[in-house]
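Q: Sharing protein.pdb, PDB, C-alpha atoms:
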ATOM      1  CA  MET A1232      19.067  12.486  -9.590
ATOM      2  CA  ARG A1233      20.109  10.598  -6.465
ATOM      3  CA  TRP A1234      17.599   7.996  -5.288
ATOM      4  CA  GLY A1235      17.235   6.445  -1.874
ATOM      5  CA  VAL A1236      15.642   2.992  -1.680
ATOM      6  CA  LEU A1237      14.321   2.087   1.753
ATOM      7  CA  GLN A1238      15.180  -1.289   3.211
ATOM      8  CA  PHE A1239      13.128  -2.773   6.057
ATOM      9  CA  PRO A1240      13.618  -6.150   7.670
ATOM     10  CA  GLY A1241      11.503  -8.257   5.301
ATOM     11  CA  SER A1242      11.906  -6.081   2.213
ATOM     12  CA  CYS A1243      12.696  -8.240  -0.808
ATOM     13  CA  ASP A1244      12.538  -6.028  -3.897
ATOM     14  CA  GLU A1245      14.948  -3.299  -2.816
ATOM     15  CA  ARG A1246      17.809  -4.628  -4.978
ATOM     16  CA  ASP A1247      15.744  -4.547  -8.159
ATOM     17  CA  ALA A1248      14.525  -1.059  -7.227
ATOM     18  CA  LEU A1249      18.119   0.024  -6.638
ATOM     19  CA  HIS A1250      19.058  -1.353 -10.060
ATOM     20  CA  ALA A1251      16.130   0.407 -11.739
ATOM     21  CA  CYS A1252      17.035   3.726 -10.109
ATOM     22  CA  SER A1253      20.685   3.334 -11.076
ATOM     23  CA  LEU A1254      19.644   3.118 -14.737
ATOM     24  CA  ILE A1255      18.343   6.684 -14.633
ATOM     25  CA  GLY A1256      20.461   8.170 -11.842
ATOM     26  CA  GLU A1257      22.469   7.300  -8.766
ATOM     27  CA  ALA A1258      20.997   5.213  -5.984
ATOM     28  CA  ARG A1259      21.711   3.906  -2.510
ATOM     29  CA  LEU A1260      19.881   1.870   0.093
ATOM     30  CA  VAL A1261      18.411   3.574   3.164
ATOM     31  CA  TRP A1262      18.265   1.251   6.178
ATOM     32  CA  HIS A1263      15.012   1.502   8.132
ATOM     33  CA  GLU A1264      16.755   2.957  11.206
ATOM     34  CA  GLU A1265      18.306   5.784   9.211
ATOM     35  CA  ARG A1266      16.887   9.314   9.269
ATOM     36  CA  GLY A1267      19.463  11.173   7.207
ATOM     37  CA  LEU A1268      18.097  11.806   3.738
ATOM     38  CA  ASP A1269      20.038  14.994   3.020
ATOM     39  CA  ASP A1270      21.779  13.541  -0.033
ATOM     40  CA  ILE A1271      18.567  12.025  -1.443
ATOM     41  CA  GLU A1272      16.423  13.635  -4.150
ATOM     42  CA  ALA A1273      13.842  10.874  -4.663
ATOM     43  CA  ILE A1274      12.669   7.970  -2.499
ATOM     44  CA  VAL A1275      11.485   4.484  -3.324
ATOM     45  CA  VAL A1276       9.620   2.485  -0.687
ATOM     46  CA  PRO A1277      10.081  -1.003  -2.122
ATOM     47  CA  GLY A1278       8.105  -4.224  -2.170
ATOM     48  CA  GLY A1279       8.373  -7.161   0.174
ATOM     49  CA  PHE A1280       7.004  -8.004   3.581
ATOM     50  CA  SER A1281       8.261  -5.269   5.892
ATOM     51  CA  TYR A1282       8.420  -6.452   9.506
ATOM     52  CA  GLY A1283       6.769  -9.666   8.345
ATOM     53  CA  ASP A1284       3.607  -7.722   7.447
ATOM     54  CA  TYR A1285       2.486  -8.515  11.000
ATOM     55  CA  LEU A1286      -0.889  -7.063  12.008
ATOM     56  CA  ARG A1287      -1.560  -5.535   8.553
ATOM     57  CA  ALA A1288       0.715  -5.081   5.559
ATOM     58  CA  GLY A1289       2.706  -1.900   6.124
ATOM     59  CA  ALA A1290       1.263  -1.191   9.569
ATOM     60  CA  ILE A1291       4.525  -1.512  11.503
ATOM     61  CA  ALA A1292       6.885  -0.101   8.878
ATOM     62  CA  ARG A1293       5.173   3.257   8.989
ATOM     63  CA  PHE A1294       6.595   3.844  12.470
ATOM     64  CA  SER A1295      10.217   3.284  11.445
ATOM     65  CA  PRO A1296      12.697   6.185  11.730
ATOM     66  CA  ALA A1297      13.246   6.088   7.956
ATOM     67  CA  MET A1298       9.507   6.464   7.320
ATOM     68  CA  GLU A1299       9.347   9.453   9.674
ATOM     69  CA  ALA A1300      12.088  11.009   7.551
ATOM     70  CA  VAL A1301      10.198  10.099   4.374
ATOM     71  CA  ALA A1302       7.056  11.809   5.717
ATOM     72  CA  GLU A1303       9.053  15.035   6.201
ATOM     73  CA  PHE A1304      10.672  14.600   2.794
ATOM     74  CA  ALA A1305       7.259  14.167   1.152
ATOM     75  CA  ALA A1306       5.796  17.151   3.015
ATOM     76  CA  ALA A1307       8.627  19.259   1.581
ATOM     77  CA  GLY A1308       7.614  18.182  -1.926
ATOM     78  CA  GLY A1309      10.185  15.439  -2.457
ATOM     79  CA  PRO A1310       9.191  12.728  -4.940
ATOM     80  CA  VAL A1311       8.279   9.385  -3.343
ATOM     81  CA  LEU A1312       7.382   6.147  -5.119
ATOM     82  CA  GLY A1313       5.845   3.259  -3.201
ATOM     83  CA  ILE A1314       5.741  -0.136  -4.869
ATOM     84  CA  CYS A1315       3.541  -2.998  -3.639
ATOM     85  CA  ASN A1316       4.394  -3.281   0.079
ATOM     86  CA  GLY A1317       5.758   0.258  -0.249
ATOM     87  CA  PHE A1318       2.333   1.380  -1.483
ATOM     88  CA  GLN A1319       0.765  -0.346   1.534
ATOM     89  CA  VAL A1320       3.231   1.411   3.834
ATOM     90  CA  LEU A1321       2.456   4.831   2.310
ATOM     91  CA  CYS A1322      -1.287   4.234   2.732
ATOM     92  CA  GLU A1323      -0.837   3.119   6.345
ATOM     93  CA  ALA A1324       1.304   6.199   6.957
ATOM     94  CA  GLY A1325      -1.448   8.438   5.611
ATOM     95  CA  LEU A1326       0.805   9.741   2.845
ATOM     96  CA  LEU A1327      -1.561   8.238   0.282
ATOM     97  CA  PRO A1328      -5.341   7.837   0.506
ATOM     98  CA  GLY A1329      -7.047   4.449   0.795
ATOM     99  CA  ALA A1330      -6.011   0.978   1.882
ATOM    100  CA  LEU A1331      -5.008  -2.330   0.323
ATOM    101  CA  LEU A1332      -7.095  -5.354   1.262
ATOM    102  CA  LEU A1333      -6.793  -9.101   0.778
ATOM    103  CA  ASN A1334      -7.249 -10.039  -2.891
ATOM    104  CA  GLU A1335     -10.841 -10.898  -3.694
ATOM    105  CA  SER A1336      -9.671 -14.364  -4.821
ATOM    106  CA  MET A1337      -7.850 -14.848  -1.465
ATOM    107  CA  ARG A1338      -4.927 -16.055  -3.563
ATOM    108  CA  PHE A1339      -1.511 -14.570  -4.132
ATOM    109  CA  SER A1340      -1.591 -13.376  -7.728
ATOM    110  CA  CYS A1341       1.545 -13.234  -9.897
ATOM    111  CA  ARG A1342       1.127 -12.175 -13.521
ATOM    112  CA  GLN A1343       2.085  -9.624 -16.139
ATOM    113  CA  VAL A1344      -0.561  -6.871 -16.331
ATOM    114  CA  ASP A1345      -1.195  -3.961 -18.647
ATOM    115  CA  LEU A1346      -1.509  -0.640 -16.848
ATOM    116  CA  LEU A1347      -3.139   2.491 -18.152
ATOM    117  CA  ALA A1348      -1.453   5.618 -16.922
ATOM    118  CA  ASP A1349      -4.026   8.101 -15.754
ATOM    119  CA  GLY A1350      -3.909  11.506 -14.182
ATOM    120  CA  PRO A1351      -4.280  15.240 -14.399
ATOM    121  CA  GLU A1352      -4.075  16.818 -17.830
ATOM    122  CA  THR A1353      -0.656  18.257 -17.150
ATOM    123  CA  GLY A1354       0.659  15.361 -15.074
ATOM    124  CA  ALA A1355       3.252  12.758 -15.859
ATOM    125  CA  GLY A1356       0.560  10.157 -16.406
ATOM    126  CA  VAL A1357      -0.732  11.806 -19.542
ATOM    127  CA  GLU A1358       2.766  11.905 -20.913
ATOM    128  CA  PHE A1359       2.869   8.141 -20.615
ATOM    129  CA  SER A1360      -0.472   7.836 -22.311
ATOM    130  CA  SER A1361       0.602   9.773 -25.363
ATOM    131  CA  ARG A1362       3.949   8.041 -25.704
ATOM    132  CA  ARG A1363       2.611   4.591 -25.118
ATOM    133  CA  PRO A1364      -0.951   3.764 -24.151
ATOM    134  CA  THR A1365      -0.212   0.939 -21.736
ATOM    135  CA  LEU A1366       2.637  -0.273 -19.558
ATOM    136  CA  SER A1367       3.307  -4.001 -19.339
ATOM    137  CA  ILE A1368       4.490  -4.651 -15.781
ATOM    138  CA  PRO A1369       4.385  -7.666 -13.445
ATOM    139  CA  ALA A1370       2.058  -7.679 -10.456
ATOM    140  CA  LYS A1371       2.650 -10.088  -7.555
ATOM    141  CA  HIS A1372       0.766  -9.696  -4.320
ATOM    142  CA  GLY A1373      -1.782 -11.206  -1.979
ATOM    143  CA  GLU A1374      -3.138  -7.973  -0.553
ATOM    144  CA  GLY A1375      -3.576  -5.565  -3.428
ATOM    145  CA  ARG A1376      -7.290  -4.812  -3.531
ATOM    146  CA  TYR A1377      -7.435  -1.032  -3.497
ATOM    147  CA  PHE A1378     -10.190   0.330  -1.297
ATOM    148  CA  ALA A1379     -11.447   3.781  -0.456
ATOM    149  CA  PRO A1380     -15.008   4.854   0.398
ATOM    150  CA  ALA A1381     -17.087   5.700  -2.690
ATOM    151  CA  GLY A1382     -17.014   9.431  -2.002
ATOM    152  CA  ALA A1383     -13.243   9.347  -1.659
ATOM    153  CA  LEU A1384     -12.937   7.437  -4.943
ATOM    154  CA  ASP A1385     -15.017  10.107  -6.687
ATOM    155  CA  ALA A1386     -12.739  12.781  -5.268
ATOM    156  CA  LEU A1387      -9.595  10.905  -6.354
ATOM    157  CA  GLU A1388     -10.913  10.666  -9.889
ATOM    158  CA  ALA A1389     -12.038  14.288  -9.960
ATOM    159  CA  ASN A1390      -8.626  15.458  -8.682
ATOM    160  CA  GLY A1391      -6.666  13.325 -11.135
ATOM    161  CA  GLN A1392      -5.193  11.295  -8.282
ATOM    162  CA  VAL A1393      -5.675   7.919  -9.936
ATOM    163  CA  ALA A1394      -2.175   7.304 -11.294
ATOM    164  CA  TYR A1395      -2.603   3.846 -12.831
ATOM    165  CA  ARG A1396      -5.457   1.534 -13.673
ATOM    166  CA  TYR A1397      -5.450  -2.091 -14.704
ATOM    167  CA  ALA A1398      -6.410  -2.436 -18.365
ATOM    168  CA  PRO A1399     -10.003  -3.641 -18.820
ATOM    169  CA  GLY A1400     -10.376  -7.278 -17.754
ATOM    170  CA  GLN A1401      -6.945  -7.418 -16.080
ATOM    171  CA  ASN A1402      -7.770  -6.353 -12.540
ATOM    172  CA  PRO A1403      -6.030  -9.163 -10.594
ATOM    173  CA  ASN A1404      -7.375  -8.453  -7.119
ATOM    174  CA  GLY A1405     -10.807  -6.809  -7.165
ATOM    175  CA  SER A1406      -9.496  -3.261  -6.749
ATOM    176  CA  ALA A1407     -12.168  -0.562  -6.736
ATOM    177  CA  ARG A1408     -12.568   0.989 -10.189
ATOM    178  CA  ASP A1409      -9.594  -1.019 -11.487
ATOM    179  CA  ILE A1410      -7.232   1.269  -9.571
ATOM    180  CA  ALA A1411      -3.642   0.011  -9.547
ATOM    181  CA  GLY A1412      -1.974   3.148  -8.234
ATOM    182  CA  VAL A1413      -2.762   6.572  -6.776
ATOM    183  CA  ARG A1414      -0.951   9.808  -6.064
ATOM    184  CA  ASN A1415      -1.375  12.339  -3.265
ATOM    185  CA  GLU A1416      -3.073  15.650  -3.826
ATOM    186  CA  ALA A1417       0.221  17.473  -4.423
ATOM    187  CA  GLY A1418       1.262  14.803  -6.911
ATOM    188  CA  ASN A1419       4.710  14.113  -5.461
ATOM    189  CA  VAL A1420       3.837  10.846  -3.712
ATOM    190  CA  VAL A1421       2.798   7.920  -5.905
ATOM    191  CA  GLY A1422       2.076   4.319  -5.029
ATOM    192  CA  LEU A1423       1.177   1.303  -7.125
ATOM    193  CA  MET A1424       0.807  -2.439  -6.583
ATOM    194  CA  PRO A1425       2.520  -3.720  -9.771
ATOM    195  CA  HIS A1426       6.314  -3.775  -9.893
ATOM    196  CA  PRO A1427       7.955  -1.366 -12.347
ATOM    197  CA  GLU A1428      11.394  -2.272 -10.955
ATOM    198  CA  HIS A1429      10.997  -5.789 -12.389
ATOM    199  CA  ALA A1430      10.367  -4.385 -15.871
ATOM    200  CA  VAL A1431      13.491  -2.396 -16.709
ATOM    201  CA  ASP A1432      15.480  -4.870 -18.792
ATOM    202  CA  PRO A1433      14.566  -6.486 -22.155
ATOM    203  CA  LEU A1434      15.780  -9.760 -20.663
ATOM    204  CA  THR A1435      12.633  -9.920 -18.531
ATOM    205  CA  GLY A1436      10.283  -8.962 -21.337
ATOM    206  CA  SER A1437       9.486  -5.291 -20.794
ATOM    207  CA  THR A1438      11.255  -2.042 -20.039
ATOM    208  CA  ASP A1439       8.020  -0.137 -19.416
ATOM    209  CA  GLY A1440       8.767   0.086 -15.706
ATOM    210  CA  LEU A1441      11.423   2.710 -16.339
ATOM    211  CA  ARG A1442       8.676   5.135 -17.352
ATOM    212  CA  VAL A1443       7.211   4.922 -13.872
ATOM    213  CA  PHE A1444      10.557   5.910 -12.347
ATOM    214  CA  GLU A1445      11.014   8.678 -14.925
ATOM    215  CA  ALA A1446       7.575  10.070 -14.140
ATOM    216  CA  VAL A1447       8.406  10.176 -10.418
ATOM    217  CA  ALA A1448      11.707  11.907 -11.150
ATOM    218  CA  ALA A1449       9.784  14.503 -13.162
ATOM    219  CA  THR A1450       7.517  15.434 -10.242
ATOM    220  CA  GLY A1451      10.192  17.644  -8.749
ATOM    221  CA  ALA A1452      12.870  17.916  -6.113
ATOM    222  CA  PRO A1453      12.504  18.698  -2.425
ATOM    223  CA  ALA A1454      11.928  22.338  -1.597
TER     224      ALA A1454
ATOM    225  CA  MET B 366      -1.527  -3.286  38.375
ATOM    226  CA  ALA B 367      -1.799  -3.323  34.597
ATOM    227  CA  ALA B 368      -5.271  -3.418  33.096
ATOM    228  CA  ARG B 369      -6.150  -6.410  30.974
ATOM    229  CA  ALA B 370      -8.091  -5.778  27.796
ATOM    230  CA  ARG B 371      -9.192  -7.484  24.631
ATOM    231  CA  VAL B 372      -9.521  -5.647  21.352
ATOM    232  CA  LEU B 373     -11.831  -7.061  18.697
ATOM    233  CA  ILE B 374     -11.157  -5.870  15.171
ATOM    234  CA  ARG B 375     -13.438  -6.630  12.249
ATOM    235  CA  PRO B 376     -13.809  -5.523   8.634
ATOM    236  CA  LYS B 377     -16.168  -2.566   8.348
ATOM    237  CA  GLU B 378     -19.710  -3.251   7.243
ATOM    238  CA  GLY B 379     -19.964  -3.166   3.461
ATOM    239  CA  ILE B 380     -16.350  -4.109   2.834
ATOM    240  CA  LEU B 381     -16.014  -7.426   1.051
ATOM    241  CA  ASP B 382     -14.419  -9.957   3.396
ATOM    242  CA  PRO B 383     -13.077 -12.821   1.231
ATOM    243  CA  GLN B 384     -12.061 -14.849   4.294
ATOM    244  CA  GLY B 385     -15.584 -14.726   5.645
ATOM    245  CA  LYS B 386     -16.937 -15.677   2.224
ATOM    246  CA  ALA B 387     -14.564 -18.643   1.972
ATOM    247  CA  VAL B 388     -15.615 -19.910   5.390
ATOM    248  CA  GLU B 389     -19.267 -19.458   4.462
ATOM    249  CA  ARG B 390     -18.822 -21.408   1.233
ATOM    250  CA  ALA B 391     -17.046 -24.254   3.004
ATOM    251  CA  LEU B 392     -19.779 -24.819   5.577
ATOM    252  CA  PRO B 393     -22.444 -26.598   3.462
ATOM    253  CA  ALA B 394     -19.897 -29.252   2.444
ATOM    254  CA  LEU B 395     -19.518 -30.079   6.129
ATOM    255  CA  GLY B 396     -23.247 -30.300   6.627
ATOM    256  CA  PHE B 397     -23.714 -26.892   8.251
ATOM    257  CA  GLU B 398     -26.677 -25.263   6.562
ATOM    258  CA  GLY B 399     -28.158 -21.843   7.143
ATOM    259  CA  ILE B 400     -24.991 -20.014   8.201
ATOM    260  CA  GLU B 401     -24.766 -16.541   6.715
ATOM    261  CA  HIS B 402     -22.886 -13.257   6.932
ATOM    262  CA  VAL B 403     -19.643 -14.758   8.200
ATOM    263  CA  ARG B 404     -17.034 -12.091   8.905
ATOM    264  CA  VAL B 405     -13.481 -12.876   9.954
ATOM    265  CA  GLY B 406     -11.572 -10.415  12.101
ATOM    266  CA  ARG B 407      -8.754 -10.307  14.622
ATOM    267  CA  MET B 408      -8.479 -10.358  18.372
ATOM    268  CA  VAL B 409      -5.682  -8.748  20.350
ATOM    269  CA  GLU B 410      -5.246  -9.323  24.088
ATOM    270  CA  LEU B 411      -2.997  -7.005  26.016
ATOM    271  CA  GLU B 412      -2.101  -5.551  29.369
ATOM    272  CA  ALA B 413      -1.794  -1.803  29.703
ATOM    273  CA  ASP B 414      -0.418   0.285  32.541
ATOM    274  CA  ASP B 415      -2.560   3.166  31.335
ATOM    275  CA  PRO B 416      -5.822   1.931  29.797
ATOM    276  CA  ALA B 417      -6.649   5.497  28.757
ATOM    277  CA  LEU B 418      -4.215   4.968  25.899
ATOM    278  CA  LEU B 419      -6.103   2.046  24.397
ATOM    279  CA  ALA B 420      -8.342   3.985  22.034
ATOM    280  CA  GLU B 421      -5.434   5.902  20.553
ATOM    281  CA  LEU B 422      -3.475   2.665  20.275
ATOM    282  CA  CYS B 423      -6.321   1.136  18.299
ATOM    283  CA  GLU B 424      -6.678   4.143  16.008
ATOM    284  CA  LYS B 425      -2.978   4.334  15.268
ATOM    285  CA  LEU B 426      -1.865   0.742  15.088
ATOM    286  CA  LEU B 427      -4.140  -2.144  16.017
ATOM    287  CA  ALA B 428      -6.877  -1.204  13.549
ATOM    288  CA  ASN B 429      -6.990   0.791  10.348
ATOM    289  CA  PRO B 430     -10.124   2.887  10.938
ATOM    290  CA  LEU B 431     -10.652   3.311   7.189
ATOM    291  CA  ILE B 432     -11.365  -0.395   6.743
ATOM    292  CA  GLU B 433     -11.872  -1.822  10.229
ATOM    293  CA  ASP B 434     -14.077  -1.300  13.288
ATOM    294  CA  TYR B 435     -12.779  -2.134  16.736
ATOM    295  CA  GLU B 436     -14.152  -2.704  20.197
ATOM    296  CA  ILE B 437     -12.193  -2.500  23.410
ATOM    297  CA  GLU B 438     -13.312  -4.919  26.077
ATOM    298  CA  ARG B 439     -11.877  -4.644  29.596
ATOM    299  CA  LEU B 440     -11.174  -8.043  31.122
ATOM    300  CA  ASP B 441     -10.633  -6.864  34.681
ATOM    301  CA  GLY B 442     -14.139  -5.625  35.325
ATOM    302  CA  ALA B 443     -13.222  -1.947  35.045
ATOM    303  CA  GLY B 444     -15.192   0.343  32.731
TER     304      GLY B 444
END
Could I get this structure in the form of structure tokens?

A:
Amino acid sequence: MRWGVLQFPGSCDERDALHACSLIGEARLVWHEERGLDDIEAIVVPGGFSYGDYLRAGAIARFSPAMEAVAEFAAAGGPVLGICNGFQVLCEAGLLPGALLLNESMRFSCRQVDLLADGPETGAGVEFSSRRPTLSIPAKHGEGRYFAPAGALDALEANGQVAYRYAPGQNPNGSARDIAGVRNEAGNVVGLMPHPEHAVDPLTGSTDGLRVFEAVAATGAPA
Amino acid sequence: MAARARVLIRPKEGILDPQGKAVERALPALGFEGIEHVRVGRMVELEADDPALLAELCEKLLANPLIEDYEIERLDGAG
């Protein structure tokens, strides 16, 4: 599988994402002004501070040419993974439901968290759960408090759109219902605040992050 | 002549606003008692050739309508 990793001015985790993707396939960077994704079979919208996070995290990046191409790619069923700022961008772009707000503590939080993979009975999340109940992955963000109106949260849970939850007691930001990541209704777009790309090498303590990339790869190729 | 406007953006009612809470908690230490329900938002001033675009501009960029309310205030006396 050939991955494309978006790069905005202000991205800072695109190199680790590129490395993670290259462990399970081929990968190249996609500059924010680029629209040509013809050679790409899966997209990562990486972490960082795209366009300085001016106005709101992710608010400006959503209007980039590359994000317009990603919206078309996602609509055609292509797998998309948004990590941290990438998750914020996907929410701002309307490709994922909800929004990410300032951490309840008002502090930037940086720590290793355990994630529970969640999801529809046939989805990739359940595969994780049976192979390994939790994923140990670092989370580092100041604006990671997942929010959606209560009715929308009920619908997400009923539809199996909650992709990841923080393990009990480990919610670092006050996210509603301990939600760390969600997927779209079709299941091909996934976003999460913690950083699987920083957990792909035993050197840094965990290789659980690879499972997140594998699950995205398993959601299918563009139509 | 371009229209001058001010857009006020605030967290929606019911959404926890940690900045507002932090300000509220800091006030008693400075001797300000009885201040409640502090909410911190954003203000954007701009000039627009076509003020009819302002609402769409707010919906699409200046505010995130899922989490924020906004008000458009014209500064040049026009409605």

Q: Compute the chain B side of the contact with chain A at 10 Å, counting only C-alpha atoms, and hand it back as a CSV table (one decimal) with C-alpha atoms, in the frame of the given file.

A:
chain,number,residue,atom,x,y,z
B,376,PRO,CA,-13.8,-5.5,8.6
B,379,GLY,CA,-20.0,-3.2,3.5
B,380,ILE,CA,-16.4,-4.1,2.8
B,381,LEU,CA,-16.0,-7.4,1.1
B,382,ASP,CA,-14.4,-10.0,3.4
B,383,PRO,CA,-13.1,-12.8,1.2
B,384,GLN,CA,-12.1,-14.8,4.3
B,386,LYS,CA,-16.9,-15.7,2.2
B,387,ALA,CA,-14.6,-18.6,2.0
B,407,ARG,CA,-8.8,-10.3,14.6
B,409,VAL,CA,-5.7,-8.7,20.4
B,425,LYS,CA,-3.0,4.3,15.3
B,426,LEU,CA,-1.9,0.7,15.1
B,427,LEU,CA,-4.1,-2.1,16.0
B,428,ALA,CA,-6.9,-1.2,13.5
B,429,ASN,CA,-7.0,0.8,10.3
B,431,LEU,CA,-10.7,3.3,7.2
B,432,ILE,CA,-11.4,-0.4,6.7

Q: Take CA of Ala1370 in chain A and CA of Cys1315 in chain A and report the distance between them in Å, one decimal.

A: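 It comes out at 8.4 Å.
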
Q: Pick from A:Asn1404, A:Ser1367, A:Gln1319, A:Asn1415: nearest to Pro1433 in chain A, with all atoms listed in the file counted?

A: A:Ser1367

Q: Apply the PyMOL selection byres ((chain A and resi 1340) around 8) to the displayed file and report the matching residues as a ChimeraX atom specification.

A: /A:1338-1339,1341-1342,1370-1373,1403-1404

Q: Filtering to C-alpha atoms, could you give me those residues as a PDB file, in the frame of the given file?

A:
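Saved result, out.pdb, follows:
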ATOM      1  CA  ARG A1338      -4.927 -16.055  -3.563  1.00  0.00           C
ATOM      2  CA  PHE A1339      -1.511 -14.570  -4.132  1.00  0.00           C
ATOM      3  CA  CYS A1341       1.545 -13.234  -9.897  1.00  0.00           C
ATOM      4  CA  ARG A1342       1.127 -12.175 -13.521  1.00  0.00           C
ATOM      5  CA  ALA A1370       2.058  -7.679 -10.456  1.00  0.00           C
ATOM      6  CA  LYS A1371       2.650 -10.088  -7.555  1.00  0.00           C
ATOM      7  CA  HIS A1372       0.766  -9.696  -4.320  1.00  0.00           C
ATOM      8  CA  GLY A1373      -1.782 -11.206  -1.979  1.00  0.00           C
ATOM      9  CA  PRO A1403      -6.030  -9.163 -10.594  1.00  0.00           C
ATOM     10  CA  ASN A1404      -7.375  -8.453  -7.119  1.00  0.00           C
TER      11      ASN A1404
END

Q: Just how far from CA of Asp1247 in chain A is CA of His1426 in chain A, in Å to one decimal?

A: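 So the two atoms, CA of His1426 in chain A and CA of Asp1247 in chain A, lie 9.6 Å apart.
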
Q: Could you tell me, as a list in words, exactly which residues end up selected when the PyMOL selection byres ((chain A and resi 1299) around 12) is applied to this structure?

A: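 Taken on the displayed file, the PyMOL selection byres ((chain A and resi 1299) around 12) yields the residues Leu1237, His1263, Glu1264, Glu1265, Arg1266, Gly1267, Leu1268, Ala1292, Arg1293, Phe1294, Ser1295, Pro1296, Ala1297, Met1298, Ala1300, Val1301, Ala1302, Glu1303, Phe1304, Ala1305, Ala1306, Val1320, Leu1321, Ala1324, Gly1325 and Leu1326 of chain A.
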
Q: Output C-alpha atoms for every residue in that selection, as a compact mmCIF listing (two decimals), in the coordinates of the input.

A:
# COMPACT_ATOMS: atom_id res chain seq x y z
CA LEU A 1237 14.32 2.09 1.75
CA HIS A 1263 15.01 1.50 8.13
CA GLU A 1264 16.76 2.96 11.21
CA GLU A 1265 18.31 5.78 9.21
CA ARG A 1266 16.89 9.31 9.27
CA GLY A 1267 19.46 11.17 7.21
CA LEU A 1268 18.10 11.81 3.74
CA ALA A 1292 6.88 -0.10 8.88
CA ARG A 1293 5.17 3.26 8.99
CA PHE A 1294 6.60 3.84 12.47
CA SER A 1295 10.22 3.28 11.44
CA PRO A 1296 12.70 6.18 11.73
CA ALA A 1297 13.25 6.09 7.96
CA MET A 1298 9.51 6.46 7.32
CA ALA A 1300 12.09 11.01 7.55
CA VAL A 1301 10.20 10.10 4.37
CA ALA A 1302 7.06 11.81 5.72
CA GLU A 1303 9.05 15.04 6.20
CA PHE A 1304 10.67 14.60 2.79
CA ALA A 1305 7.26 14.17 1.15
CA ALA A 1306 5.80 17.15 3.02
CA VAL A 1320 3.23 1.41 3.83
CA LEU A 1321 2.46 4.83 2.31
CA ALA A 1324 1.30 6.20 6.96
CA GLY A 1325 -1.45 8.44 5.61
CA LEU A 1326 0.80 9.74 2.84
